[in-house]
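Participant: One file is attached below, coords-v1.txt, containing compact mmCIF, C-alpha atoms.
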```
# COMPACT_ATOMS: atom_id res chain seq x y z
CA MET H 1 49.58 23.53 60.94
CA ASN H 2 46.34 21.59 60.59
CA ASN H 3 44.10 22.18 57.60
CA GLU H 4 40.68 21.28 59.05
CA PRO H 5 38.41 24.36 59.31
CA ALA H 6 37.98 23.94 63.07
CA ASP H 7 41.73 23.59 63.55
CA ILE H 8 42.46 26.63 61.40
CA GLU H 9 39.97 28.70 63.40
CA ARG H 10 41.61 27.57 66.63
CA ASP H 11 45.08 28.40 65.30
CA LEU H 12 43.86 31.80 64.07
CA ALA H 13 42.48 32.56 67.53
CA GLN H 14 45.89 31.64 68.95
CA LEU H 15 47.66 33.93 66.48
CA LYS H 16 45.24 36.78 67.17
CA ASP H 17 45.94 36.45 70.89
CA LEU H 18 49.67 36.34 70.22
CA HIS H 19 49.36 39.45 68.04
CA THR H 20 47.59 41.34 70.83
CA ARG H 21 50.16 40.29 73.44
CA MET H 22 53.06 41.19 71.14
CA LEU H 23 51.68 44.68 70.54
CA ASP H 24 51.08 45.17 74.26
CA GLY H 25 54.59 43.97 75.08
CA MET H 26 56.22 46.21 72.47
CA SER H 27 54.15 49.17 73.66
CA ARG H 28 55.75 48.80 77.09
CA ALA H 29 59.11 49.71 75.55
CA ILE H 30 57.99 51.79 72.54
CA VAL H 31 55.72 54.82 72.78
CA GLY H 32 53.25 55.09 69.89
CA GLN H 33 54.31 53.99 66.38
CA ARG H 34 51.44 51.49 66.28
CA SER H 35 51.40 51.15 62.49
CA VAL H 36 55.16 50.55 62.44
CA LEU H 37 54.86 47.82 65.06
CA GLU H 38 52.05 46.24 63.04
CA GLU H 39 54.20 46.18 59.92
CA LEU H 40 57.08 44.63 61.85
CA LEU H 41 54.81 41.83 63.07
CA ILE H 42 53.49 41.28 59.53
CA THR H 43 57.11 41.01 58.39
CA ILE H 44 57.85 38.37 61.03
CA PHE H 45 54.77 36.19 60.59
CA ALA H 46 54.89 36.46 56.79
CA GLY H 47 58.54 35.37 56.92
CA GLY H 48 60.01 38.36 55.09
CA HIS H 49 62.45 41.23 55.58
CA ASN H 50 61.81 44.90 56.32
CA LEU H 51 63.58 48.11 55.35
CA LEU H 52 62.81 50.75 57.97
CA GLU H 53 63.35 54.40 57.09
CA GLY H 54 63.30 57.26 59.55
CA VAL H 55 65.39 60.12 60.86
CA PRO H 56 67.77 59.42 63.77
CA GLY H 57 66.32 59.04 67.24
CA LEU H 58 63.01 57.36 66.38
CA ALA H 59 63.82 54.10 68.25
CA LYS H 60 64.39 51.92 65.18
CA THR H 61 67.05 49.84 66.95
CA LEU H 62 65.01 49.63 70.15
CA MET H 63 61.98 48.35 68.22
CA ILE H 64 63.95 45.51 66.67
CA ASN H 65 65.72 44.61 69.89
CA THR H 66 62.40 44.56 71.75
CA LEU H 67 60.84 42.38 69.06
CA ALA H 68 63.68 39.84 69.33
CA GLN H 69 63.31 39.66 73.11
CA LEU H 70 59.56 39.07 72.98
CA LEU H 71 59.96 36.37 70.31
CA SER H 72 62.82 34.72 72.22
CA LEU H 73 64.96 34.83 69.08
CA ASN H 74 68.69 35.35 68.73
CA PHE H 75 69.53 38.88 67.65
CA LYS H 76 72.66 40.49 66.26
CA ARG H 77 73.31 44.05 65.19
CA ILE H 78 75.67 44.95 62.35
CA GLN H 79 76.69 48.59 62.05
CA PHE H 80 77.18 49.21 58.35
CA THR H 81 80.13 51.51 57.64
CA PRO H 82 82.13 52.37 54.50
CA ASP H 83 84.96 50.01 55.49
CA LEU H 84 82.74 47.00 56.27
CA MET H 85 83.69 43.93 54.23
CA PRO H 86 81.49 41.00 53.11
CA SER H 87 83.48 38.65 55.37
CA ASP H 88 82.54 40.85 58.33
CA ILE H 89 78.92 39.83 57.70
CA VAL H 90 79.12 36.28 56.36
CA GLY H 91 82.25 35.01 58.07
CA THR H 92 85.59 33.79 56.85
CA ASN H 93 87.86 30.75 56.67
CA VAL H 94 90.86 30.73 58.99
CA ILE H 95 93.76 28.32 59.29
CA GLU H 96 94.14 26.59 62.64
CA ASP H 97 96.33 23.82 64.05
CA ASP H 98 94.54 20.51 64.60
CA HIS H 99 95.95 19.33 67.93
CA THR H 100 94.90 15.72 67.30
CA THR H 101 96.73 15.34 63.97
CA GLY H 102 99.29 18.11 64.19
CA LYS H 103 98.21 19.38 60.78
CA ARG H 104 96.83 22.72 59.77
CA VAL H 105 93.16 22.79 58.81
CA THR H 106 90.80 25.38 57.43
CA VAL H 107 87.96 26.30 59.78
CA PHE H 108 84.97 28.48 58.94
CA VAL H 109 84.30 31.20 61.51
CA ALA H 110 80.67 32.22 61.17
CA GLY H 111 79.82 35.90 60.92
CA PRO H 112 76.98 37.75 62.65
CA ILE H 113 74.50 36.81 59.92
CA PHE H 114 74.19 33.41 61.58
CA THR H 115 71.33 34.35 63.87
CA ASN H 116 67.55 34.70 63.73
CA ILE H 117 67.16 38.49 63.50
CA VAL H 118 69.85 40.62 61.88
CA LEU H 119 69.68 44.37 62.39
CA ALA H 120 71.49 45.87 59.41
CA ASP H 121 71.89 49.35 60.85
CA GLU H 122 72.29 52.15 58.28
CA ILE H 123 72.57 49.64 55.46
CA ASN H 124 73.17 52.36 52.87
CA ARG H 125 76.41 53.45 54.58
CA THR H 126 78.38 50.55 53.11
CA PRO H 127 79.45 49.98 49.47
CA PRO H 128 77.44 47.77 47.09
CA LYS H 129 79.95 44.92 47.34
CA THR H 130 79.18 44.54 51.03
CA GLN H 131 75.46 45.20 50.62
CA ALA H 132 75.39 42.32 48.15
CA ALA H 133 76.63 39.95 50.86
CA LEU H 134 73.04 39.92 52.13
CA LEU H 135 71.39 38.96 48.83
CA GLN H 136 71.82 35.17 49.03
CA ALA H 137 70.99 35.14 52.73
CA MET H 138 67.77 37.09 52.22
CA GLN H 139 66.55 35.00 49.29
CA GLU H 140 67.82 31.46 49.92
CA HIS H 141 68.42 31.65 53.69
CA GLU H 142 71.94 30.34 53.21
CA VAL H 143 75.39 31.77 52.56
CA THR H 144 78.38 30.57 50.56
CA ALA H 145 81.94 31.08 51.75
CA GLY H 146 85.11 29.37 50.56
CA GLY H 147 83.14 27.29 48.06
CA LYS H 148 80.86 25.80 50.75
CA THR H 149 77.24 26.62 51.45
CA TYR H 150 76.00 27.01 55.01
CA PRO H 151 72.31 27.09 55.98
CA LEU H 152 71.04 29.86 58.22
CA ALA H 153 68.90 29.48 61.29
CA LYS H 154 65.12 29.32 61.04
CA PRO H 155 63.36 31.67 61.27
CA PHE H 156 65.65 34.26 59.69
CA PHE H 157 64.92 37.95 59.15
CA VAL H 158 66.89 40.96 57.99
CA LEU H 159 65.53 44.18 59.47
CA ALA H 160 67.52 47.00 57.91
CA THR H 161 67.46 50.71 58.69
CA GLN H 162 68.43 53.72 56.66
CA ASN H 163 68.33 57.45 57.20
CA PRO H 164 66.32 59.36 54.55
CA ILE H 165 68.35 62.54 55.18
CA ASP H 166 72.10 63.22 55.23
CA GLN H 167 72.89 61.28 52.05
CA GLU H 168 76.55 62.37 52.05
CA GLY H 169 78.74 59.28 51.84
CA THR H 170 75.89 56.81 51.28
CA TYR H 171 75.38 54.12 48.66
CA PRO H 172 71.76 53.76 47.48
CA LEU H 173 70.52 50.18 47.58
CA PRO H 174 70.33 48.53 44.14
CA GLU H 175 66.83 47.72 42.90
CA ALA H 176 67.45 43.97 43.13
CA GLN H 177 68.20 44.25 46.82
CA LYS H 178 65.31 46.58 47.63
CA ASP H 179 62.98 44.11 45.92
CA ARG H 180 63.99 41.45 48.44
CA PHE H 181 62.52 43.45 51.29
CA LEU H 182 58.94 42.38 51.82
CA LEU H 183 58.02 45.78 53.27
CA ASN H 184 59.49 49.26 53.32
CA THR H 185 58.26 50.89 56.53
CA PHE H 186 58.39 54.66 57.08
CA ILE H 187 58.75 55.85 60.68
CA LYS H 188 57.32 59.30 61.34
CA TYR H 189 57.90 61.74 64.17
CA PRO H 190 55.85 61.01 67.31
CA GLY H 191 52.85 63.12 68.25
CA LEU H 192 53.02 65.77 70.96
CA GLU H 193 51.72 63.61 73.82
CA GLU H 194 53.80 60.63 72.64
CA GLU H 195 56.97 62.72 72.60
CA GLU H 196 56.24 63.94 76.13
CA GLN H 197 55.89 60.30 77.26
CA ILE H 198 59.16 59.40 75.54
CA VAL H 199 61.01 62.19 77.35
CA GLU H 200 59.52 61.19 80.71
CA ARG H 201 60.44 57.52 80.26
CA THR H 202 63.95 58.03 78.98
CA THR H 203 65.04 60.63 81.52
CA SER H 204 64.07 58.63 84.61
CA ASN H 205 65.34 55.47 86.30
CA ALA H 206 62.38 53.44 85.05
CA THR H 207 63.24 50.13 83.40
CA VAL H 208 61.14 47.73 81.34
CA ASP H 209 61.32 44.01 82.10
CA LEU H 210 60.38 42.14 78.93
CA GLN H 211 59.46 38.48 79.12
CA PRO H 212 59.40 36.24 76.03
CA ILE H 213 55.91 35.70 74.64
CA CYS H 214 56.62 32.92 72.16
CA ASP H 215 59.50 30.88 70.75
CA GLN H 216 61.06 29.86 67.45
CA ASP H 217 58.72 26.89 66.89
CA THR H 218 55.66 29.07 67.45
CA VAL H 219 56.90 31.64 64.93
CA LEU H 220 57.51 28.94 62.31
CA ASN H 221 54.10 27.35 62.95
CA MET H 222 52.36 30.70 62.60
CA GLN H 223 54.21 31.40 59.36
CA ARG H 224 52.86 28.10 58.00
CA LEU H 225 49.37 29.05 59.18
CA VAL H 226 49.54 32.37 57.32
CA ARG H 227 50.52 30.66 54.08
CA SER H 228 47.75 28.07 54.47
CA LEU H 229 44.97 30.67 54.37
CA PRO H 230 42.89 30.53 51.19
CA VAL H 231 42.56 33.61 48.99
CA SER H 232 39.67 34.10 46.61
CA LYS H 233 40.39 34.57 42.92
CA HIS H 234 39.14 38.16 42.76
CA VAL H 235 41.50 39.24 45.59
CA THR H 236 44.48 37.74 43.76
CA GLN H 237 43.32 39.39 40.54
CA TYR H 238 43.07 42.77 42.27
CA ALA H 239 46.60 42.49 43.67
CA VAL H 240 47.99 41.52 40.26
CA ASP H 241 46.05 44.30 38.49
CA LEU H 242 47.38 46.85 40.98
CA VAL H 243 50.98 45.76 40.43
CA ARG H 244 50.67 45.57 36.65
CA ALA H 245 49.23 49.09 36.63
CA THR H 246 52.62 50.36 37.85
CA ARG H 247 54.43 49.24 34.68
CA PRO H 248 54.91 51.69 31.80
CA GLY H 249 54.10 50.09 28.48
CA GLU H 250 51.66 47.60 29.99
CA PRO H 251 48.32 47.59 28.10
CA GLY H 252 45.67 49.71 29.79
CA VAL H 253 47.90 51.45 32.36
CA PRO H 254 46.90 55.01 33.35
CA ASP H 255 48.50 57.79 31.30
CA PHE H 256 50.28 59.31 34.31
CA ILE H 257 52.20 56.06 34.83
CA GLU H 258 53.85 56.46 31.43
CA ASP H 259 55.05 59.94 32.45
CA GLN H 260 55.92 59.44 36.10
CA ILE H 261 57.36 55.91 36.38
CA SER H 262 60.63 54.72 34.86
CA TRP H 263 59.95 51.10 35.74
CA GLY H 264 57.30 49.44 37.82
CA ALA H 265 57.02 46.59 40.30
CA GLY H 266 57.80 42.99 39.36
CA PRO H 267 56.04 39.73 40.26
CA ARG H 268 57.55 39.75 43.75
CA ALA H 269 55.28 42.70 44.50
CA SER H 270 52.16 40.69 43.65
CA GLN H 271 53.39 37.84 45.81
CA ALA H 272 54.16 40.23 48.66
CA LEU H 273 50.74 41.88 48.47
CA ILE H 274 48.91 38.58 48.81
CA LEU H 275 51.22 37.18 51.49
CA CYS H 276 51.00 40.35 53.58
CA ALA H 277 47.22 40.50 53.09
CA LYS H 278 47.00 36.91 54.33
CA CYS H 279 49.11 37.83 57.34
CA LEU H 280 47.04 40.91 58.17
CA ALA H 281 43.86 38.85 58.08
CA ALA H 282 45.42 36.09 60.20
CA LEU H 283 46.75 38.49 62.83
CA ASN H 284 43.21 39.79 63.21
CA GLY H 285 41.79 36.28 63.51
CA ARG H 286 40.13 36.26 60.08
CA ILE H 287 40.23 33.40 57.61
CA ASN H 288 38.86 35.57 54.79
CA VAL H 289 41.38 37.77 52.97
CA SER H 290 39.86 40.84 51.34
CA CYS H 291 40.84 43.49 48.81
CA ASP H 292 40.83 45.93 51.73
CA ASP H 293 43.72 43.96 53.21
CA VAL H 294 45.59 44.40 49.93
CA ARG H 295 44.86 48.14 49.87
CA HIS H 296 45.92 48.52 53.51
CA LEU H 297 49.41 47.23 52.72
CA ALA H 298 49.90 48.60 49.22
CA LEU H 299 52.15 51.51 50.30
CA PRO H 300 54.78 49.56 52.30
CA VAL H 301 54.77 46.76 49.70
CA LEU H 302 55.07 48.94 46.58
CA ARG H 303 56.83 52.19 47.53
CA HIS H 304 60.37 50.75 47.27
CA ARG H 305 59.63 48.72 44.14
CA LEU H 306 58.84 51.68 41.89
CA SER H 307 61.22 54.14 40.30
CA CYS H 308 60.02 57.66 39.57
CA SER H 309 60.93 59.31 36.28
CA PHE H 310 62.94 62.54 36.12
CA ALA H 311 59.73 64.41 35.37
CA ALA H 312 58.07 63.07 38.52
CA GLU H 313 61.08 63.88 40.66
CA ALA H 314 61.19 67.41 39.25
CA GLU H 315 57.55 67.86 40.28
CA GLY H 316 58.21 66.48 43.75
CA THR H 317 56.04 63.42 43.12
CA THR H 318 56.89 60.39 45.26
CA THR H 319 56.14 56.72 44.78
CA ASP H 320 53.67 57.00 47.67
CA ASP H 321 51.75 59.64 45.70
CA ILE H 322 51.61 57.35 42.68
CA VAL H 323 50.45 54.30 44.67
CA ARG H 324 47.70 56.37 46.30
CA ARG H 325 46.46 57.48 42.86
CA LEU H 326 46.42 53.89 41.66
CA LEU H 327 44.43 52.79 44.71
CA GLU H 328 41.79 55.34 43.72
CA ILE H 329 41.44 54.24 40.11
CA VAL H 330 42.31 50.53 39.84
CA PRO H 331 38.99 48.69 40.18
CA GLU H 332 38.23 45.30 41.63
CA ARG H 333 37.12 42.78 39.03
CA LYS H 334 33.58 41.50 39.31
CA LYS H 335 33.28 38.24 41.18
```
For the file at hand, write its structure as structure tokens.

Facilitator:
Amino acid sequence: MNNEPADIERDLAQLKDLHTRMLDGMSRAIVGQRSVLEELLITIFAGGHNLLEGVPGLAKTLMINTLAQLLSLNFKRIQFTPDLMPSDIVGTNVIEDDHTTGKRVTVFVAGPIFTNIVLADEINRTPPKTQAALLQAMQEHEVTAGGKTYPLAKPFFVLATQNPIDQEGTYPLPEAQKDRFLLNTFIKYPGLEEEEQIVERTTSNATVDLQPICDQDTVLNMQRLVRSLPVSKHVTQYAVDLVRATRPGEPGVPDFIEDQISWGAGPRASQALILCAKCLAALNGRINVSCDDVRHLALPVLRHRLSCSFAAEAEGTTTDDIVRRLLEIVPERKK
């Protein structure tokens, strides 16, 4: 993207218009869940991954499928099960006959991860060995199989779902993998009127014809635009102070952190707060990133990066409760 002020303003206006059209398009297929849709778009234009949590039947798969259609991106769904193997995700080498030479050769057959948007459905239903198959892909956007490294398509996103109830037979995600998700989005039950609309739509013959709104190049350009936005020093300082306040043993942290947190968020959380704040400002057509943008996204950025102590769990305290308390007491530094 261009870096001249006039060009940036023009590009921001384009992204704001795209944001509005994306929300309108997704609302044609999805009833309500506005904040969830917003966080999905922030995930896409910030170039990250999202872990969506919600009980069954809240349209998690439909949201992601709709998003892929509107962005004109390739989409593949992987149903995570206890017997899923890493090769079922990444791919595997097979031996084939080369008809030109008559010799046998090894050929790599790419797995479903070779796409733009991967829906990792019920990611916590598969063992850690298979969950770990996503780690390199999510961080380096490449995979290694049979001693060779293969690049993934651009853009590339992992949008994973997990059910917060019915934990029988599940494998909690390791902290290192949760940290690779830019956002952890909670999906709540719809309101009364929204649920009535859902029932009316899904029990009739009505269909929704979705037309692509942008393409791969546009997504990549908008990701570069988001990263090009300047951030003032005091906004960065506020994001870092907020993250550091989650770490027991850090000088000056609130007393309740020492009691209620086993370990806090790492530097990726600070990076995620600023990147998501940039994206939120850009999607709204603003070049100025504020501390309010940081506060707005603190819950989905931090909730999966903190670990509650036994004492906190015994009291029923959640990471959301702790982040909300920090937002009330961590001050902005003076400019």

Participant: At what distance in Å, to one decimal, does atom CA of H:Thr161 lie from atom CA of H:Val55?

Facilitator: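 Pair atom CA of H:Val55 / atom CA of H:Thr161 returns 9.9 Å.
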
Participant: Suppose you want the space between atom CA of H:Thr202 and atom CA of H:Asp215; what is it in Å?

Facilitator: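 Computing it gives 28.7 Å between the two atoms.
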
Participant: Find the residues around stretch 268-272 of chain H up to 7 Å (all atoms listed in the file counted), leave out those fewer than 6 positions away in its own chain, and share them as an mmCIF file with C-alpha atoms, keeping the file's coordinate frame.

Facilitator:
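Saved file out_22.cif follows:
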```cif
data_model
loop_
_atom_site.group_PDB
_atom_site.id
_atom_site.type_symbol
_atom_site.label_atom_id
_atom_site.label_comp_id
_atom_site.auth_asym_id
_atom_site.auth_seq_id
_atom_site.Cartn_x
_atom_site.Cartn_y
_atom_site.Cartn_z
ATOM 1 C CA LEU H 182 58.940 42.380 51.820
ATOM 2 C CA ALA H 239 46.600 42.490 43.670
ATOM 3 C CA VAL H 240 47.990 41.520 40.260
ATOM 4 C CA VAL H 243 50.980 45.760 40.430
ATOM 5 C CA VAL H 301 54.770 46.760 49.700
ATOM 6 C CA LEU H 302 55.070 48.940 46.580
#
```

Participant: Between atom CA of H:Glu250 and atom CA of H:Leu273, what is the distance in Å, rounded to a tenth?

Facilitator: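 For atom CA of H:Glu250 relative to atom CA of H:Leu273, the distance reads 19.4 Å.
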
Participant: Please list as a list in words every residue within 8 Å of H:Leu297, counting all atoms listed in the file and excluding residues in the same chain fewer than 3 positions away.

Facilitator: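 Neighbouring residues, sequence-local ones excluded: Leu273, Cys276, Ala277, Asp293, Val294, Pro300 and Val301 of chain H.
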
Participant: Could you name the residues that touch H:Thr144 at 10 Å or less, counting all atoms listed in the file, but leaving out those on the same chain fewer than 4 positions away, as a ChimeraX atom specification?

Facilitator: /H:90-91,133,136-137,148-151
